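*Asks:* Below is model.cif; it holds mmCIF, N, CA and C atoms.
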```cif
data_data
loop_
_atom_site.label_atom_id
_atom_site.label_comp_id
_atom_site.auth_asym_id
_atom_site.auth_seq_id
_atom_site.Cartn_x
_atom_site.Cartn_y
_atom_site.Cartn_z
N MET U 189 82.53 73.23 161.30
CA MET U 189 82.33 71.81 161.23
C MET U 189 83.07 71.05 162.34
N PRO U 190 84.30 71.46 162.72
CA PRO U 190 84.97 70.74 163.78
C PRO U 190 84.18 70.75 165.09
N SER U 191 83.44 71.82 165.38
CA SER U 191 82.67 71.87 166.63
C SER U 191 81.52 70.87 166.62
N ALA U 192 80.99 70.52 165.47
CA ALA U 192 79.92 69.53 165.39
C ALA U 192 80.43 68.14 165.78
N TRP U 193 81.67 67.85 165.55
CA TRP U 193 82.24 66.54 165.89
C TRP U 193 82.79 66.49 167.31
N ASN U 194 83.10 67.62 167.90
CA ASN U 194 83.70 67.66 169.23
C ASN U 194 82.81 67.02 170.29
N ARG U 195 81.55 67.37 170.29
CA ARG U 195 80.64 66.89 171.32
C ARG U 195 80.48 65.36 171.27
N PRO U 196 80.19 64.75 170.09
CA PRO U 196 80.08 63.29 170.07
C PRO U 196 81.40 62.58 170.42
N LEU U 197 82.53 63.14 169.99
CA LEU U 197 83.82 62.52 170.29
C LEU U 197 84.12 62.59 171.78
N LYS U 198 83.80 63.72 172.41
CA LYS U 198 84.01 63.83 173.85
C LYS U 198 83.13 62.84 174.61
N GLY U 199 81.91 62.69 174.17
CA GLY U 199 80.99 61.74 174.80
C GLY U 199 81.49 60.31 174.64
N PHE U 200 81.96 59.98 173.44
CA PHE U 200 82.49 58.65 173.19
C PHE U 200 83.73 58.39 174.03
N ALA U 201 84.64 59.34 174.10
CA ALA U 201 85.86 59.20 174.88
C ALA U 201 85.53 59.03 176.37
N LEU U 202 84.55 59.78 176.85
CA LEU U 202 84.14 59.67 178.25
C LEU U 202 83.54 58.30 178.52
N ALA U 203 82.70 57.81 177.62
CA ALA U 203 82.10 56.49 177.78
C ALA U 203 83.17 55.40 177.79
N MET U 204 84.15 55.50 176.90
CA MET U 204 85.22 54.51 176.85
C MET U 204 86.06 54.54 178.14
N ALA U 205 86.35 55.71 178.65
CA ALA U 205 87.12 55.83 179.89
C ALA U 205 86.34 55.21 181.05
N PHE U 206 85.04 55.44 181.10
CA PHE U 206 84.21 54.87 182.14
C PHE U 206 84.20 53.34 182.05
N LEU U 207 84.08 52.80 180.85
CA LEU U 207 84.07 51.35 180.67
C LEU U 207 85.41 50.73 181.07
N ARG U 208 86.51 51.39 180.72
CA ARG U 208 87.83 50.87 181.11
C ARG U 208 87.99 50.89 182.62
N LEU U 209 87.51 51.94 183.26
CA LEU U 209 87.60 52.04 184.71
C LEU U 209 86.75 50.96 185.37
N ALA U 210 85.54 50.75 184.86
CA ALA U 210 84.66 49.72 185.41
C ALA U 210 85.26 48.34 185.25
N ALA U 211 85.87 48.07 184.11
CA ALA U 211 86.49 46.77 183.87
C ALA U 211 87.71 46.58 184.75
N ALA U 212 88.44 47.64 184.99
CA ALA U 212 89.66 47.54 185.80
C ALA U 212 89.34 47.26 187.26
N THR U 213 88.22 47.72 187.77
CA THR U 213 87.90 47.53 189.17
C THR U 213 87.06 46.29 189.43
N SER U 214 86.54 45.65 188.40
CA SER U 214 85.75 44.44 188.59
C SER U 214 86.67 43.23 188.54
N PRO U 215 86.82 42.50 189.66
CA PRO U 215 87.68 41.33 189.61
C PRO U 215 87.03 40.20 188.83
N ALA U 216 87.84 39.42 188.16
CA ALA U 216 87.39 38.21 187.48
C ALA U 216 88.43 37.14 187.72
N VAL U 217 88.01 35.96 188.16
CA VAL U 217 88.93 34.85 188.41
C VAL U 217 88.66 33.77 187.38
N THR U 218 89.71 33.39 186.63
CA THR U 218 89.57 32.36 185.60
C THR U 218 90.19 31.03 186.02
N LYS U 219 91.08 31.06 187.04
CA LYS U 219 91.73 29.82 187.45
C LYS U 219 92.16 29.91 188.91
N VAL U 220 92.02 28.80 189.64
CA VAL U 220 92.45 28.68 191.03
C VAL U 220 93.45 27.53 191.09
N GLU U 221 94.63 27.79 191.65
CA GLU U 221 95.63 26.73 191.81
C GLU U 221 96.06 26.65 193.26
N PRO U 222 95.92 25.57 193.94
CA PRO U 222 95.24 24.35 193.52
C PRO U 222 93.72 24.54 193.61
N PRO U 223 92.96 23.86 192.74
CA PRO U 223 91.50 24.02 192.76
C PRO U 223 90.84 23.28 193.93
N ASP U 224 91.55 22.29 194.48
CA ASP U 224 91.05 21.56 195.64
C ASP U 224 92.25 20.96 196.37
N TRP U 225 91.97 20.41 197.57
CA TRP U 225 93.03 19.82 198.36
C TRP U 225 92.44 18.71 199.20
N PRO U 226 93.17 17.60 199.38
CA PRO U 226 92.64 16.51 200.21
C PRO U 226 92.67 16.88 201.69
N VAL U 227 91.79 16.25 202.45
CA VAL U 227 91.74 16.46 203.89
C VAL U 227 93.11 16.13 204.47
N GLU U 228 93.61 17.00 205.32
CA GLU U 228 94.90 16.79 205.99
C GLU U 228 94.62 16.58 207.48
N PRO U 229 94.99 15.42 208.04
CA PRO U 229 94.68 15.15 209.46
C PRO U 229 95.27 16.19 210.41
N GLY U 230 96.42 16.77 210.07
CA GLY U 230 97.03 17.76 210.95
C GLY U 230 96.79 19.19 210.52
N GLY U 231 95.99 19.41 209.46
CA GLY U 231 95.80 20.75 208.92
C GLY U 231 96.99 21.16 208.06
N ILE U 232 96.84 22.22 207.28
CA ILE U 232 97.92 22.66 206.39
C ILE U 232 97.65 24.11 205.97
N THR U 233 98.72 24.82 205.66
CA THR U 233 98.60 26.16 205.07
C THR U 233 99.08 26.07 203.63
N LEU U 234 98.23 26.45 202.70
CA LEU U 234 98.53 26.41 201.27
C LEU U 234 98.80 27.80 200.74
N ARG U 235 99.67 27.91 199.77
CA ARG U 235 99.84 29.16 199.02
C ARG U 235 98.97 29.00 197.77
N VAL U 236 97.95 29.81 197.65
CA VAL U 236 96.99 29.71 196.56
C VAL U 236 97.28 30.79 195.52
N LEU U 237 97.14 30.45 194.25
CA LEU U 237 97.33 31.39 193.15
C LEU U 237 96.01 31.54 192.41
N LEU U 238 95.52 32.76 192.33
CA LEU U 238 94.35 33.08 191.52
C LEU U 238 94.82 33.77 190.26
N THR U 239 94.29 33.37 189.12
CA THR U 239 94.61 34.01 187.85
C THR U 239 93.34 34.64 187.32
N GLY U 240 93.43 35.84 186.78
CA GLY U 240 92.26 36.53 186.25
C GLY U 240 92.60 37.94 185.86
N THR U 241 91.65 38.85 186.06
CA THR U 241 91.85 40.26 185.75
C THR U 241 91.30 41.11 186.89
N GLY U 242 91.84 42.32 187.03
CA GLY U 242 91.35 43.25 188.04
C GLY U 242 91.61 42.80 189.46
N LEU U 243 92.70 42.05 189.69
CA LEU U 243 92.98 41.50 191.03
C LEU U 243 93.89 42.40 191.87
N ALA U 244 94.37 43.50 191.31
CA ALA U 244 95.23 44.41 192.07
C ALA U 244 94.46 44.99 193.26
N GLY U 245 95.06 44.96 194.41
CA GLY U 245 94.43 45.51 195.61
C GLY U 245 93.31 44.65 196.18
N ALA U 246 93.20 43.41 195.74
CA ALA U 246 92.10 42.54 196.18
C ALA U 246 92.37 41.98 197.57
N THR U 247 91.29 41.66 198.26
CA THR U 247 91.34 40.91 199.50
C THR U 247 90.56 39.62 199.28
N VAL U 248 90.93 38.58 200.02
CA VAL U 248 90.28 37.27 199.86
C VAL U 248 89.69 36.86 201.19
N HIS U 249 88.45 36.39 201.15
CA HIS U 249 87.77 35.89 202.34
C HIS U 249 87.29 34.48 202.06
N SER U 250 87.31 33.64 203.10
CA SER U 250 86.92 32.25 202.96
C SER U 250 86.39 31.76 204.29
N ALA U 251 85.86 30.54 204.29
CA ALA U 251 85.44 29.91 205.53
C ALA U 251 86.66 29.57 206.38
N PHE U 252 87.83 29.48 205.74
CA PHE U 252 89.09 29.21 206.44
C PHE U 252 89.90 30.51 206.55
N PRO U 253 90.81 30.58 207.53
CA PRO U 253 91.65 31.79 207.65
C PRO U 253 92.51 32.01 206.41
N THR U 254 92.62 33.27 205.99
CA THR U 254 93.45 33.63 204.84
C THR U 254 94.50 34.64 205.28
N GLY U 255 95.66 34.58 204.60
CA GLY U 255 96.72 35.55 204.86
C GLY U 255 96.58 36.73 203.93
N ALA U 256 97.48 37.68 204.07
CA ALA U 256 97.48 38.87 203.21
C ALA U 256 97.67 38.46 201.76
N ALA U 257 96.99 39.14 200.85
CA ALA U 257 97.09 38.85 199.42
C ALA U 257 98.12 39.76 198.78
N ALA U 258 98.85 39.20 197.81
CA ALA U 258 99.84 39.96 197.04
C ALA U 258 99.54 39.78 195.56
N ALA U 259 99.28 40.89 194.87
CA ALA U 259 98.90 40.84 193.44
C ALA U 259 100.07 41.24 192.56
N SER U 260 100.05 40.74 191.33
CA SER U 260 101.04 41.17 190.34
C SER U 260 100.74 42.62 189.95
N ALA U 261 101.73 43.29 189.37
CA ALA U 261 101.57 44.69 188.99
C ALA U 261 100.42 44.87 187.99
N ALA U 262 100.24 43.91 187.10
CA ALA U 262 99.18 43.99 186.10
C ALA U 262 97.81 43.59 186.65
N GLY U 263 97.78 43.05 187.87
CA GLY U 263 96.50 42.64 188.47
C GLY U 263 95.95 41.36 187.88
N THR U 264 96.82 40.53 187.27
CA THR U 264 96.36 39.29 186.65
C THR U 264 96.61 38.06 187.51
N HIS U 265 97.43 38.21 188.56
CA HIS U 265 97.72 37.09 189.45
C HIS U 265 97.66 37.57 190.90
N LEU U 266 97.15 36.70 191.76
CA LEU U 266 97.02 37.04 193.18
C LEU U 266 97.43 35.83 194.01
N PHE U 267 98.38 36.01 194.91
CA PHE U 267 98.82 34.96 195.83
C PHE U 267 98.30 35.27 197.22
N PHE U 268 97.92 34.22 197.95
CA PHE U 268 97.56 34.38 199.35
C PHE U 268 97.68 33.02 200.03
N ASP U 269 97.80 33.03 201.34
CA ASP U 269 97.88 31.80 202.12
C ASP U 269 96.49 31.45 202.63
N LEU U 270 96.16 30.16 202.53
CA LEU U 270 94.88 29.64 202.99
C LEU U 270 95.18 28.55 204.00
N THR U 271 94.73 28.73 205.25
CA THR U 271 94.99 27.75 206.30
C THR U 271 93.78 26.84 206.44
N ILE U 272 94.01 25.56 206.15
CA ILE U 272 92.94 24.56 206.25
C ILE U 272 93.14 23.82 207.57
N PRO U 273 92.20 23.94 208.50
CA PRO U 273 92.37 23.29 209.80
C PRO U 273 92.18 21.78 209.71
N ALA U 274 92.65 21.09 210.74
CA ALA U 274 92.51 19.63 210.80
C ALA U 274 91.05 19.22 210.83
N SER U 275 90.18 20.09 211.29
CA SER U 275 88.76 19.75 211.42
C SER U 275 87.97 19.95 210.12
N ALA U 276 88.64 20.32 209.02
CA ALA U 276 87.93 20.58 207.75
C ALA U 276 87.35 19.28 207.19
N HIS U 277 86.16 19.39 206.64
CA HIS U 277 85.48 18.25 206.03
C HIS U 277 85.40 18.45 204.53
N PRO U 278 85.33 17.36 203.75
CA PRO U 278 85.19 17.50 202.30
C PRO U 278 83.96 18.34 201.94
N GLY U 279 84.12 19.17 200.94
CA GLY U 279 83.01 20.02 200.49
C GLY U 279 83.52 21.20 199.69
N ARG U 280 82.58 22.04 199.26
CA ARG U 280 82.90 23.24 198.48
C ARG U 280 83.06 24.42 199.43
N TYR U 281 84.15 25.14 199.29
CA TYR U 281 84.44 26.30 200.12
C TYR U 281 84.82 27.46 199.20
N PRO U 282 83.84 28.26 198.77
CA PRO U 282 84.15 29.34 197.83
C PRO U 282 85.08 30.39 198.42
N LEU U 283 85.91 30.96 197.55
CA LEU U 283 86.79 32.06 197.92
C LEU U 283 86.14 33.34 197.42
N ARG U 284 85.96 34.33 198.28
CA ARG U 284 85.36 35.61 197.89
C ARG U 284 86.47 36.63 197.69
N VAL U 285 86.60 37.11 196.46
CA VAL U 285 87.64 38.07 196.09
C VAL U 285 86.98 39.44 195.94
N THR U 286 87.48 40.43 196.70
CA THR U 286 86.85 41.75 196.71
C THR U 286 87.86 42.83 196.34
N THR U 287 87.45 43.72 195.42
CA THR U 287 88.22 44.92 195.08
C THR U 287 87.25 46.08 194.98
N SER U 288 87.52 47.17 195.63
CA SER U 288 86.71 48.40 195.57
C SER U 288 85.22 48.12 195.72
N GLY U 289 84.86 47.27 196.66
CA GLY U 289 83.45 47.00 196.91
C GLY U 289 82.80 46.01 195.96
N ARG U 290 83.53 45.53 194.96
CA ARG U 290 82.99 44.53 194.04
C ARG U 290 83.54 43.17 194.43
N THR U 291 82.68 42.16 194.45
CA THR U 291 83.07 40.83 194.90
C THR U 291 82.73 39.79 193.85
N VAL U 292 83.63 38.81 193.71
CA VAL U 292 83.41 37.68 192.83
C VAL U 292 83.81 36.43 193.60
N GLU U 293 83.15 35.30 193.32
CA GLU U 293 83.48 34.04 193.98
C GLU U 293 84.30 33.16 193.07
N ALA U 294 85.27 32.46 193.66
CA ALA U 294 86.08 31.47 192.95
C ALA U 294 85.90 30.14 193.66
N ASN U 295 85.88 29.06 192.91
CA ASN U 295 85.65 27.74 193.48
C ASN U 295 86.91 27.15 194.09
N PHE U 296 86.77 26.61 195.28
CA PHE U 296 87.82 25.84 195.95
C PHE U 296 87.11 24.76 196.74
N GLY U 297 87.74 23.60 196.85
CA GLY U 297 87.10 22.51 197.57
C GLY U 297 88.07 21.66 198.35
N ILE U 298 87.53 20.98 199.34
CA ILE U 298 88.27 19.99 200.10
C ILE U 298 87.72 18.63 199.67
N VAL U 299 88.61 17.73 199.30
CA VAL U 299 88.21 16.40 198.84
C VAL U 299 88.63 15.38 199.87
N PRO U 300 88.02 14.18 199.85
CA PRO U 300 88.42 13.15 200.81
C PRO U 300 89.90 12.79 200.66
N ALA U 301 90.51 12.40 201.76
CA ALA U 301 91.93 12.02 201.74
C ALA U 301 92.10 10.74 200.94
N LEU U 302 93.25 10.63 200.26
CA LEU U 302 93.58 9.41 199.55
C LEU U 302 94.03 8.35 200.55
N ALA U 303 93.79 7.10 200.21
CA ALA U 303 94.28 6.01 201.03
C ALA U 303 95.81 6.01 200.97
N PRO U 304 96.49 5.51 202.01
CA PRO U 304 97.96 5.51 201.99
C PRO U 304 98.56 4.82 200.77
N THR U 305 97.90 3.81 200.23
CA THR U 305 98.36 3.16 199.01
C THR U 305 97.23 3.18 198.01
N ALA U 306 97.07 4.28 197.33
CA ALA U 306 96.00 4.43 196.35
C ALA U 306 96.48 3.90 195.00
N THR U 307 95.55 3.43 194.17
CA THR U 307 95.90 2.98 192.83
C THR U 307 95.18 3.83 191.81
N PHE U 308 95.83 4.08 190.69
CA PHE U 308 95.29 4.90 189.63
C PHE U 308 95.39 4.15 188.32
N PRO U 309 94.32 4.05 187.53
CA PRO U 309 94.45 3.40 186.23
C PRO U 309 95.22 4.31 185.27
N ALA U 310 96.11 3.70 184.48
CA ALA U 310 96.92 4.48 183.54
C ALA U 310 97.08 3.69 182.25
N GLY U 311 96.17 3.88 181.33
CA GLY U 311 96.29 3.24 180.03
C GLY U 311 96.37 1.73 180.09
N GLY U 312 95.50 1.09 180.85
CA GLY U 312 95.49 -0.36 180.93
C GLY U 312 96.39 -0.91 182.02
N ARG U 313 97.25 -0.07 182.60
CA ARG U 313 98.10 -0.50 183.70
C ARG U 313 97.62 0.16 184.97
N THR U 314 98.02 -0.36 186.09
CA THR U 314 97.70 0.26 187.37
C THR U 314 98.98 0.78 187.99
N ILE U 315 98.96 2.03 188.37
CA ILE U 315 100.10 2.64 189.04
C ILE U 315 99.77 2.70 190.52
N ARG U 316 100.68 2.21 191.33
CA ARG U 316 100.47 2.20 192.77
C ARG U 316 101.22 3.38 193.39
N ALA U 317 100.48 4.25 194.05
CA ALA U 317 101.09 5.41 194.72
C ALA U 317 101.29 5.06 196.18
N MET U 318 102.54 5.13 196.63
CA MET U 318 102.86 4.77 198.01
C MET U 318 103.72 5.87 198.63
N PRO U 319 103.74 5.93 199.96
CA PRO U 319 104.63 6.89 200.60
C PRO U 319 106.08 6.61 200.19
N SER U 320 106.88 7.64 200.10
CA SER U 320 108.27 7.50 199.66
C SER U 320 109.13 7.01 200.82
N ARG U 321 109.13 5.70 201.03
CA ARG U 321 109.95 5.08 202.08
C ARG U 321 110.72 3.92 201.47
N ARG U 322 111.96 3.79 201.84
CA ARG U 322 112.78 2.69 201.31
C ARG U 322 112.55 1.47 202.18
N PRO U 323 112.17 0.33 201.59
CA PRO U 323 111.88 -0.87 202.38
C PRO U 323 113.10 -1.45 203.08
N ASP U 324 114.30 -1.17 202.56
CA ASP U 324 115.50 -1.77 203.14
C ASP U 324 116.18 -0.85 204.16
N GLY U 325 115.57 0.26 204.50
CA GLY U 325 116.09 1.14 205.54
C GLY U 325 117.06 2.17 205.02
N PRO U 326 117.35 3.20 205.81
CA PRO U 326 118.27 4.25 205.38
C PRO U 326 119.71 3.75 205.35
N GLY U 327 120.52 4.33 204.48
CA GLY U 327 121.93 3.98 204.40
C GLY U 327 122.23 2.77 203.55
N THR U 328 121.23 2.11 202.99
CA THR U 328 121.47 0.95 202.14
C THR U 328 121.30 1.35 200.68
N ARG U 329 121.94 0.60 199.80
CA ARG U 329 121.88 0.93 198.39
C ARG U 329 120.58 0.44 197.77
N SER U 330 120.11 1.23 196.86
CA SER U 330 118.92 0.89 196.10
C SER U 330 119.31 0.92 194.62
N PRO U 331 118.68 0.11 193.77
CA PRO U 331 119.03 0.17 192.35
C PRO U 331 118.68 1.52 191.73
N PHE U 332 117.89 2.35 192.41
CA PHE U 332 117.48 3.65 191.89
C PHE U 332 118.27 4.80 192.49
N SER U 333 119.24 4.49 193.37
CA SER U 333 119.94 5.56 194.07
C SER U 333 121.10 6.09 193.22
N ILE U 334 121.48 7.32 193.51
CA ILE U 334 122.61 7.97 192.88
C ILE U 334 123.57 8.36 193.98
N GLY U 335 124.84 8.05 193.83
CA GLY U 335 125.82 8.38 194.86
C GLY U 335 126.12 7.18 195.72
N SER U 336 126.92 7.40 196.78
CA SER U 336 127.40 6.28 197.57
C SER U 336 126.43 5.80 198.65
N ASN U 337 125.55 6.67 199.15
CA ASN U 337 124.63 6.28 200.21
C ASN U 337 123.20 6.12 199.77
N GLY U 338 122.92 6.35 198.51
CA GLY U 338 121.55 6.23 198.00
C GLY U 338 120.77 7.33 198.40
#
```
Can you turn what I pasted into structure tokens?
*Replies:*
Amino acid sequence: MPSAWNRPLKGFALAMAFLRLAAATSPAVTKVEPPDWPVEPGGITLRVLLTGTGLAGATVHSAFPTGAAAASAAGTHLFFDLTIPASAHPGRYPLRVTTSGRTVEANFGIVPALAPTATFPAGGRTIRAMPSRRPDGPGTRSPFSIGSNG
């Protein structure tokens, strides 16, 4: 009787091993940080984090230059540098993540630059976002400063 069960169990074990191997080599991206970036007049290099599964040993390709990718030991996180040139225009620029010949796309985009003094609605109030510059010049005290020189 044990020999009658051996064959189906071996087949089942082999099928499960194959499925685990296939799942381990297929990359899946569930999150991109940052998911987009505003146009930078001088260009910028970003450190991008991809979260997902099967990312160990992955390479990343994009319309923009990418640096070497570094994955976590579990293959759930992947870091790489993405260089966005000054000539980049707003739009969708997918990231192609490849492991062992399998490729998946992750969404990334360039959005229009914010105005130097943009406003954002916040629960009935307007918050004004401005560059961090002190109107009274360096070396003067501000009511928000800590220490002797602000």
*Asks:* Residues proximal to (98.1, 36.7, 202.1) were defined as those with any atom within 6.5 Å of that point in the file's coordinates, counting only N, CA and C atoms. Which are they, as a PyMOL selection string?
*Replies:* chain U and resi 254-258+267-269
*Asks:* Would you work out the distance separating CA of Ala246 in chain U from atom N of Ile272 in chain U, expressed in Å to one decimal?
*Replies:* 19.8 Å
*Asks:* What is the distance, in Å and to one decimal place, between atom N of Pro278 in chain U and CA of Thr218 in chain U?
*Replies:*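 Computing the Euclidean distance for atom N of Pro278 in chain U and CA of Thr218 in chain U yields 23.9 Å.
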*Asks:* Excluding range 242-245 of chain U and residues on its chain fewer than 3 positions from it, collect all residues at most 7 Å away from it, counting all atoms listed in the file, and give them as number ranges by chain.
*Replies:* U: 211-216, 258-266, 286-288
*Asks:* Starting from the displayed file, determine the output of the PyMOL selection byres (((chain U and resi 233 and name CA) around 9) and name CA) and express the residue list as a PyMOL selection string.
*Replies:* chain U and resi 231-232+234-235+269-273
*Asks:* Take atom C of Ala303 in chain U and atom C of Ala251 in chain U and report the distance between them in Å, one decimal.
*Replies:* 25.8 Å
